[in-house]
Structure formats: C-alpha cells, structure tokens
$ cat data_14.cif   # mmCIF, C-alpha atoms and all ligand atoms
data_model
loop_
_atom_site.label_atom_id
_atom_site.label_comp_id
_atom_site.auth_asym_id
_atom_site.auth_seq_id
_atom_site.Cartn_x
_atom_site.Cartn_y
_atom_site.Cartn_z
CA MET U 8 0.00 0.00 0.00
CA LYS U 9 1.21 3.51 -0.83
CA ILE U 10 -0.09 7.05 -0.31
CA LYS U 11 1.19 10.49 -1.21
CA TYR U 12 1.47 12.91 1.70
CA LYS U 13 2.85 16.45 1.24
CA ASN U 14 4.84 15.33 -1.82
CA THR U 15 6.30 12.36 0.05
CA ASP U 16 5.44 8.75 -0.77
CA ILE U 17 4.58 6.74 2.33
CA TYR U 18 4.40 3.00 1.72
CA LEU U 19 3.78 -0.17 3.70
CA LEU U 20 5.50 -3.43 2.81
CA LEU U 21 5.25 -6.86 4.37
CA GLY U 22 8.83 -8.08 4.51
CA ASN U 23 12.36 -8.17 5.86
CA ILE U 24 13.93 -4.74 6.27
CA THR U 25 17.44 -6.09 5.65
CA GLU U 26 16.45 -6.71 2.02
CA ILE U 27 15.25 -3.16 1.39
CA LYS U 28 17.28 -0.85 -0.81
CA ALA U 29 16.68 2.55 0.77
CA ASP U 30 19.16 5.34 1.57
CA ALA U 31 18.73 4.41 5.23
CA ILE U 32 16.95 1.69 7.12
CA VAL U 33 16.10 2.22 10.77
CA ASN U 34 17.09 -0.28 13.44
CA ALA U 35 15.06 -0.89 16.61
CA ALA U 36 18.16 -1.08 18.78
CA ASN U 37 18.80 -1.06 22.51
CA SER U 38 20.66 1.62 24.49
CA SER U 39 23.95 -0.29 24.49
CA LEU U 40 24.00 -0.33 20.64
CA MET U 41 25.72 -3.71 20.93
CA GLY U 42 23.09 -5.67 19.00
CA GLY U 43 20.39 -8.02 20.18
CA GLY U 44 17.51 -10.10 18.84
CA GLY U 45 14.63 -9.20 16.53
CA VAL U 46 15.27 -6.72 13.77
CA ASP U 47 18.46 -5.55 15.52
CA GLY U 48 20.00 -9.04 15.29
CA ALA U 49 18.91 -9.39 11.66
CA ILE U 50 20.46 -6.03 10.68
CA HIS U 51 23.78 -6.75 12.42
CA ARG U 52 23.96 -10.22 10.86
CA ALA U 53 23.14 -9.03 7.36
CA GLY U 54 25.22 -5.83 7.50
CA GLY U 55 28.39 -7.38 8.87
CA SER U 56 31.04 -6.17 11.30
CA VAL U 57 31.27 -2.57 10.01
CA ILE U 58 28.00 -1.73 11.75
CA HIS U 59 29.10 -3.27 15.04
CA GLU U 60 32.48 -1.53 14.94
CA GLN U 61 30.88 1.86 14.34
CA CYS U 62 28.34 1.22 17.11
CA ILE U 63 31.20 0.45 19.51
CA LYS U 64 32.83 3.79 18.63
CA ILE U 65 29.59 5.70 19.20
CA ALA U 66 28.92 3.88 22.47
CA LYS U 67 32.45 4.69 23.67
CA THR U 68 32.17 8.39 22.93
CA SER U 69 28.54 8.96 23.95
CA GLY U 70 27.84 6.11 26.36
CA GLY U 71 25.20 4.56 24.08
CA CYS U 72 21.83 5.81 22.91
CA PRO U 73 18.99 6.63 25.33
CA ALA U 74 15.39 5.76 24.46
CA GLY U 75 13.93 8.20 21.94
CA GLU U 76 17.28 9.18 20.44
CA ALA U 77 18.96 8.08 17.20
CA VAL U 78 22.48 7.58 15.85
CA ILE U 79 23.76 6.64 12.40
CA THR U 80 26.25 4.14 10.98
CA ASP U 81 27.08 2.88 7.53
CA GLY U 82 25.04 0.01 6.17
CA GLY U 83 27.98 -2.34 5.63
CA SER U 84 26.91 -5.11 3.27
CA LEU U 85 23.21 -4.18 3.42
CA PRO U 86 21.57 -2.86 0.25
CA SER U 87 20.91 0.43 2.10
CA LYS U 88 23.75 2.92 2.52
CA TYR U 89 23.07 3.81 6.15
CA VAL U 90 21.52 2.36 9.27
CA ILE U 91 19.87 4.77 11.71
CA HIS U 92 19.78 3.11 15.13
CA THR U 93 17.03 4.32 17.41
CA VAL U 94 15.93 2.98 20.77
CA GLY U 95 12.23 2.59 21.42
CA PRO U 96 10.66 2.53 24.87
CA VAL U 97 9.97 -0.73 26.68
CA TYR U 98 6.18 -0.79 27.09
CA ARG U 99 5.18 -1.10 30.73
CA GLY U 100 1.48 -0.36 30.43
CA SER U 101 1.72 3.38 29.55
CA GLY U 102 2.22 6.13 32.13
CA ASN U 103 5.99 5.95 31.63
CA ASN U 104 6.22 8.40 28.78
CA GLU U 105 6.13 5.55 26.27
CA ALA U 106 4.10 7.38 23.62
CA GLU U 107 6.32 10.45 23.68
CA LEU U 108 9.51 8.37 23.55
CA LEU U 109 8.18 6.29 20.66
CA SER U 110 7.25 9.44 18.78
CA LEU U 111 10.73 10.87 19.41
CA CYS U 112 12.28 7.78 17.75
CA TYR U 113 10.56 8.68 14.48
CA ILE U 114 11.25 12.43 14.80
CA ASN U 115 14.93 12.00 15.65
CA SER U 116 15.44 9.38 12.92
CA MET U 117 13.93 11.70 10.31
CA THR U 118 15.90 14.68 11.60
CA LEU U 119 19.12 12.67 11.32
CA ALA U 120 18.10 11.52 7.84
CA ASP U 121 17.56 15.11 6.75
CA SER U 122 20.97 16.11 8.10
CA ARG U 123 22.55 13.49 5.77
CA ASP U 124 20.44 14.22 2.69
CA ILE U 125 18.75 10.86 2.96
CA ARG U 126 15.74 10.77 0.66
CA HIS U 127 14.36 7.28 1.19
CA ILE U 128 14.09 6.05 4.79
CA ALA U 129 12.53 2.74 5.85
CA PHE U 130 11.32 1.99 9.38
CA PRO U 131 10.45 -1.27 11.12
CA SER U 132 7.67 -1.23 13.71
CA ILE U 133 9.76 0.11 16.59
CA SER U 134 9.10 -1.32 20.09
CA THR U 135 6.32 -3.72 19.07
CA GLY U 136 8.40 -6.90 19.36
CA ILE U 137 10.66 -7.65 22.32
CA TYR U 138 9.76 -4.26 23.87
CA SER U 139 6.06 -5.28 23.94
CA TYR U 140 4.41 -2.06 22.73
CA PRO U 141 0.91 -3.08 21.54
CA VAL U 142 0.94 -2.60 17.79
CA SER U 143 -2.59 -1.17 17.85
CA LEU U 144 -1.22 1.71 19.94
CA ALA U 145 2.19 2.00 18.28
CA ALA U 146 0.96 2.10 14.65
CA PRO U 147 -0.96 5.40 14.99
CA ILE U 148 2.00 6.97 16.78
CA ALA U 149 4.38 5.84 14.02
CA VAL U 150 2.24 6.96 11.10
CA ASN U 151 1.01 10.22 12.63
CA THR U 152 4.48 11.23 13.81
CA VAL U 153 5.89 10.72 10.32
CA LYS U 154 3.07 12.79 8.84
CA ASP U 155 3.48 15.53 11.47
CA TYR U 156 7.21 15.67 10.77
CA LEU U 157 6.58 16.09 7.05
CA SER U 158 3.94 18.78 7.69
CA SER U 159 6.17 20.74 10.01
CA HIS U 160 9.29 20.39 7.81
CA PRO U 161 8.21 21.54 4.36
CA ASP U 162 11.91 21.76 3.37
CA SER U 163 12.58 18.13 4.29
CA GLY U 164 14.44 16.26 1.55
CA ILE U 165 12.76 12.99 2.48
CA SER U 166 10.77 11.90 -0.56
CA THR U 167 9.95 8.32 0.47
CA VAL U 168 9.12 6.81 3.85
CA GLY U 169 8.61 3.06 4.15
CA PHE U 170 7.23 0.95 6.97
CA ILE U 171 8.60 -2.58 6.54
CA LEU U 172 6.35 -4.85 8.57
CA PHE U 173 7.24 -8.39 9.45
CA ASP U 174 3.86 -10.04 9.94
CA ASN U 175 0.26 -9.70 8.78
CA LYS U 176 -1.14 -8.41 12.07
CA THR U 177 1.39 -5.59 12.18
CA TYR U 178 0.76 -4.79 8.53
CA SER U 179 -3.00 -4.61 9.01
CA GLU U 180 -2.70 -2.26 12.02
CA TYR U 181 -0.55 0.13 9.98
CA GLU U 182 -2.89 -0.22 7.02
CA LYS U 183 -5.88 0.81 9.17
CA ILE U 184 -4.12 4.03 10.14
CA LEU U 185 -2.54 4.96 6.85
N1 LIG U 201 12.49 -6.90 9.23
C1 LIG U 201 11.43 -6.15 9.61
N2 LIG U 201 10.85 -6.26 10.82
C2 LIG U 201 11.35 -7.18 11.67
C3 LIG U 201 12.45 -8.01 11.34
C4 LIG U 201 13.02 -7.85 10.06
N3 LIG U 201 14.07 -8.58 9.65
N4 LIG U 201 12.71 -8.82 12.42
C5 LIG U 201 11.79 -8.53 13.37
N5 LIG U 201 10.97 -7.54 12.91
P1 LIG U 201 11.94 -6.05 17.75
P2 LIG U 201 11.71 -3.87 19.71
C6 LIG U 201 9.83 -6.90 13.56
O1 LIG U 201 11.80 -7.07 18.82
O2 LIG U 201 10.37 -4.35 20.13
C7 LIG U 201 16.35 -6.30 20.26
O3 LIG U 201 16.91 -7.33 21.03
C8 LIG U 201 9.18 -7.58 14.75
O4 LIG U 201 8.34 -8.64 14.32
O5 LIG U 201 12.98 -6.29 16.71
O6 LIG U 201 11.92 -2.41 19.48
C9 LIG U 201 17.04 -4.96 20.51
O7 LIG U 201 18.42 -5.11 20.74
C10 LIG U 201 8.41 -6.43 15.36
O8 LIG U 201 7.20 -6.22 14.61
O9 LIG U 201 12.26 -4.58 18.36
C11 LIG U 201 16.33 -4.46 21.74
O10 LIG U 201 16.86 -5.04 22.91
C12 LIG U 201 9.33 -5.22 15.10
O11 LIG U 201 10.26 -5.65 14.09
C13 LIG U 201 14.91 -4.94 21.54
O12 LIG U 201 15.01 -6.10 20.68
C14 LIG U 201 10.12 -4.77 16.32
O13 LIG U 201 10.51 -5.90 17.07
C15 LIG U 201 14.05 -3.92 20.84
O14 LIG U 201 12.73 -4.37 20.83
#

$ encode --input "data_14.cif" --output "structure tokens"
Amino acid sequence: MKIKYKNTDIYLLLGNITEIKADAIVNAANSSLMGGGGVDGAIHRAGGSVIHEQCIKIAKTSGGCPAGEAVITDGGSLPSKYVIHTVGPVYRGSGNNEAELLSLCYINSMTLADSRDIRHIAFPSISTGIYSYPVSLAAPIAVNTVKDYLSSHPDSGISTVGFILFDNKTYSEYEKIL
C-alpha cells in the first residue's frame, strides 16, 4: 500500500527490512548499541562487522543511545547505505512516557536523515516486538508522527518513507491508520 502525503510517498511493505534498498533503514536497537535479537539481530547479521564496529565507537564516545534518540552508521553489506539506530521505549502499560519516547524515535530518525540528505528512509515497527508495545497503539504513533514531521518540515528532503512490517497483524494495524 502507498499514499502520497505532502509530496512524500509513504508505503507499507510486508517483509524483511534487511532486504530493502533505501538510503537508510532504521534499526530498533537497545541503548547499548551492541546488537540483540529481533530486527536488531537481523540487521547486524546481514550488514556485517562494520555496523558493530561503528556502534562500539559511538557507544564509547557517547555512552550509548537513550530511548527516543537516534544515531547513524554505515550500512555495511546491506543494500541500504546507512543504518539509523534508534531505541524505542519498553512498554510497561503506559504512564511511563512511552508514547512520547516512541514518537521521538521517528522524529529523531527523520531529523538525522535530513541532516545526511537521505531521501528514502525505511522503518520497522519500533518497540512492538521484544519491547512489547501493543501494535494497535504504536501504529498510529508511528504513522502520525511521520506525517506531522513532514507537515512541520516543508523543506525536508525525504521523498519516500517506508514501513517494513514483518507479519500480517502488524501490517493490518498500519494499514488501518494509513
Ligand atoms: N524486518 C522487519 N521487521 C522485523 C524483522 C526484520 N528482519 N525482524 C523482526 N521484525 P523487535 P523492539 C519486527 O523485537 O520491540 C532487540 O533485542 C518484529 O516482528 O525487533 O523495538 C534490541 O536489541 C516487530 O514487529 O524490536 C532491543 O533489545 C518489530 O520488528 C529490543 O530487541 C520490532 O521488534 C528492541 O525491541
């Protein structure tokens, strides 16, 4: 599924984000930046050691990446040039700033993309796996934050935003919102 929003194409795809050829794919990382399971494990495996080495450097200089923030590395052997690593909130039943932190993941990833002239960015469904964010609550935050960013940044160079969704349930929640 694909829509046009403020001159930007926003698309949904059922699939594996490591196979996507974008300018940047986004990783749902953890604060250590040292890799993990889920999409993080898949990206590190497919991208090779370059990503891990650059993550180590970033973690050494900045102490890692707090929830809501984003950092960037090369894509190594991935089809995409860059990986933007962002850290979603662990869902603990709301009331812990989860929605704001999740929204910040999308805002900070897009801000970083714009600072590198990235035109096509592809997101996974941040926090809705190991971090347990209910996808019915996370999907509207993801889609509406991306739209709000594009509305409030008319000079953004981002021309294509993808949501690469790993299973049918996740896809259908995003489809409802988009
Ligand atoms: N392509 C696209 N989506 C994927 C892929 C893939 N290859 N693999 C999984 N997903 P998760 P989180 C989906 O758990 O909830 C890691 O250990 C998955 O089905 O990857 O933010 C990190 O190091 C789900 O819909 O990320 C952190 O410790 C979505 O991606 C922690 O998990 C997010 O699931 C982050 O947890």

$ closest_residue --input "data_14.cif" --among "U:Ser56, U:Ser69, U:Thr135, U:Ser158" --to "Asp81 in chain U" --atoms "only C-alpha atoms"
U:Ser56

$ closest_atom_pairs --input "data_14.cif" --of "chain U" --to "ligand LIG 201 (chain U)" --cutoff "10 Å" --atoms "all atoms listed in the file" --output "CSV"
residue,atom,partner,partner_atom,distance
U:Leu20,CA,U:LIG201,C1,9.4
U:Leu21,CA,U:LIG201,C1,8.1
U:Gly22,CA,U:LIG201,C1,6.0
U:Asn23,CA,U:LIG201,N1,3.6
U:Ile24,CA,U:LIG201,N1,3.9
U:Thr25,CA,U:LIG201,N3,5.8
U:Glu26,CA,U:LIG201,N3,8.2
U:Ile27,CA,U:LIG201,N1,9.1
U:Ile32,CA,U:LIG201,N1,9.9
U:Val33,CA,U:LIG201,C1,9.7
U:Asn34,CA,U:LIG201,O5,8.0
U:Ala35,CA,U:LIG201,O6,4.5
U:Ala36,CA,U:LIG201,C9,4.4
U:Asn37,CA,U:LIG201,C11,4.3
U:Ser38,CA,U:LIG201,O10,7.8
U:Ser39,CA,U:LIG201,O7,8.2
U:Leu40,CA,U:LIG201,O7,7.3
U:Met41,CA,U:LIG201,O7,7.4
U:Gly42,CA,U:LIG201,O7,5.0
U:Gly43,CA,U:LIG201,O7,3.6
U:Gly44,CA,U:LIG201,O3,3.6
U:Gly45,CA,U:LIG201,O5,3.4
U:Val46,CA,U:LIG201,N4,3.6
U:Asp47,CA,U:LIG201,C9,5.2
U:Gly48,CA,U:LIG201,O3,6.7
U:Ala49,CA,U:LIG201,N3,5.3
U:Ile50,CA,U:LIG201,N3,7.0
U:Ala53,CA,U:LIG201,N3,9.4
U:Thr93,CA,U:LIG201,O6,8.7
U:Val94,CA,U:LIG201,O6,6.8
U:Gly95,CA,U:LIG201,O6,5.4
U:Pro96,CA,U:LIG201,O6,7.4
U:Val97,CA,U:LIG201,O14,7.4
U:Tyr98,CA,U:LIG201,O2,8.9
U:Leu109,CA,U:LIG201,O6,9.5
U:Ala129,CA,U:LIG201,C1,9.7
U:Phe130,CA,U:LIG201,C1,8.1
U:Pro131,CA,U:LIG201,N2,5.0
U:Ser132,CA,U:LIG201,C12,4.5
U:Ile133,CA,U:LIG201,O6,4.4
U:Ser134,CA,U:LIG201,O6,3.1
U:Thr135,CA,U:LIG201,O2,4.2
U:Gly136,CA,U:LIG201,O13,3.3
U:Ile137,CA,U:LIG201,O1,3.7
U:Tyr138,CA,U:LIG201,O2,3.8
U:Ser139,CA,U:LIG201,O2,5.8
U:Tyr140,CA,U:LIG201,O2,6.9
U:Pro141,CA,U:LIG201,O2,9.6
U:Val142,CA,U:LIG201,O8,7.9
U:Phe170,CA,U:LIG201,C1,8.7
U:Ile171,CA,U:LIG201,C1,5.5
U:Leu172,CA,U:LIG201,N2,5.2
U:Phe173,CA,U:LIG201,N2,4.4
U:Asp174,CA,U:LIG201,O4,6.4
U:Asn175,CA,U:LIG201,O8,9.7
U:Lys176,CA,U:LIG201,O8,9.0
U:Thr177,CA,U:LIG201,O8,6.3
U:Tyr178,CA,U:LIG201,O8,9.0

$ atom_distance --input "data_14.cif" --atom1 "CA of Lys88 in chain U" --atom2 "CA of Ile125 in chain U"
9.4 Å

$ atom_distance --input "data_14.cif" --atom1 "CA of Pro147 in chain U" --atom2 "CA of Gly71 in chain U"
27.7 Å

$ closest_residue --input "data_14.cif" --among "U:Ile165, U:Leu119, U:Ile65, U:Leu185" --to "Ala149 in chain U" --atoms "all atoms listed in the file"
U:Leu185

$ atom_distance --input "data_14.cif" --atom1 "CA of Tyr12 in chain U" --atom2 "CA of Ile184 in chain U"
13.5 Å

$ closest_residue --input "data_14.cif" --among "U:Gly75, U:Tyr156, U:Ile63, U:Lys183" --to "Met117 in chain U" --atoms "all atoms listed in the file"
U:Tyr156

$ closest_residue --input "data_14.cif" --among "U:Thr15, U:Ser116, U:Ser110, U:Thr167" --to "Tyr89 in chain U" --atoms "all atoms listed in the file"
U:Ser116

$ closest_atom_pairs --input "data_14.cif" --of "range 49-89 of chain U" --to "range 112-115 of chain U" --cutoff "9 Å" --atoms "all atoms listed in the file" --output "tab-separated table"
residue	atom	partner	partner_atom	distance
U:Ala74	CA	U:Cys112	CA	7.7
U:Gly75	CA	U:Cys112	CA	4.5
U:Glu76	CA	U:Cys112	CA	5.8
U:Ala77	CA	U:Asn115	CA	5.8
U:Val78	CA	U:Asn115	CA	8.8

$ closest_residue --input "data_14.cif" --among "U:Ala31, U:Ala120, U:Met8, U:Ala146" --to "Ser87 in chain U" --atoms "all atoms listed in the file"
U:Ala31
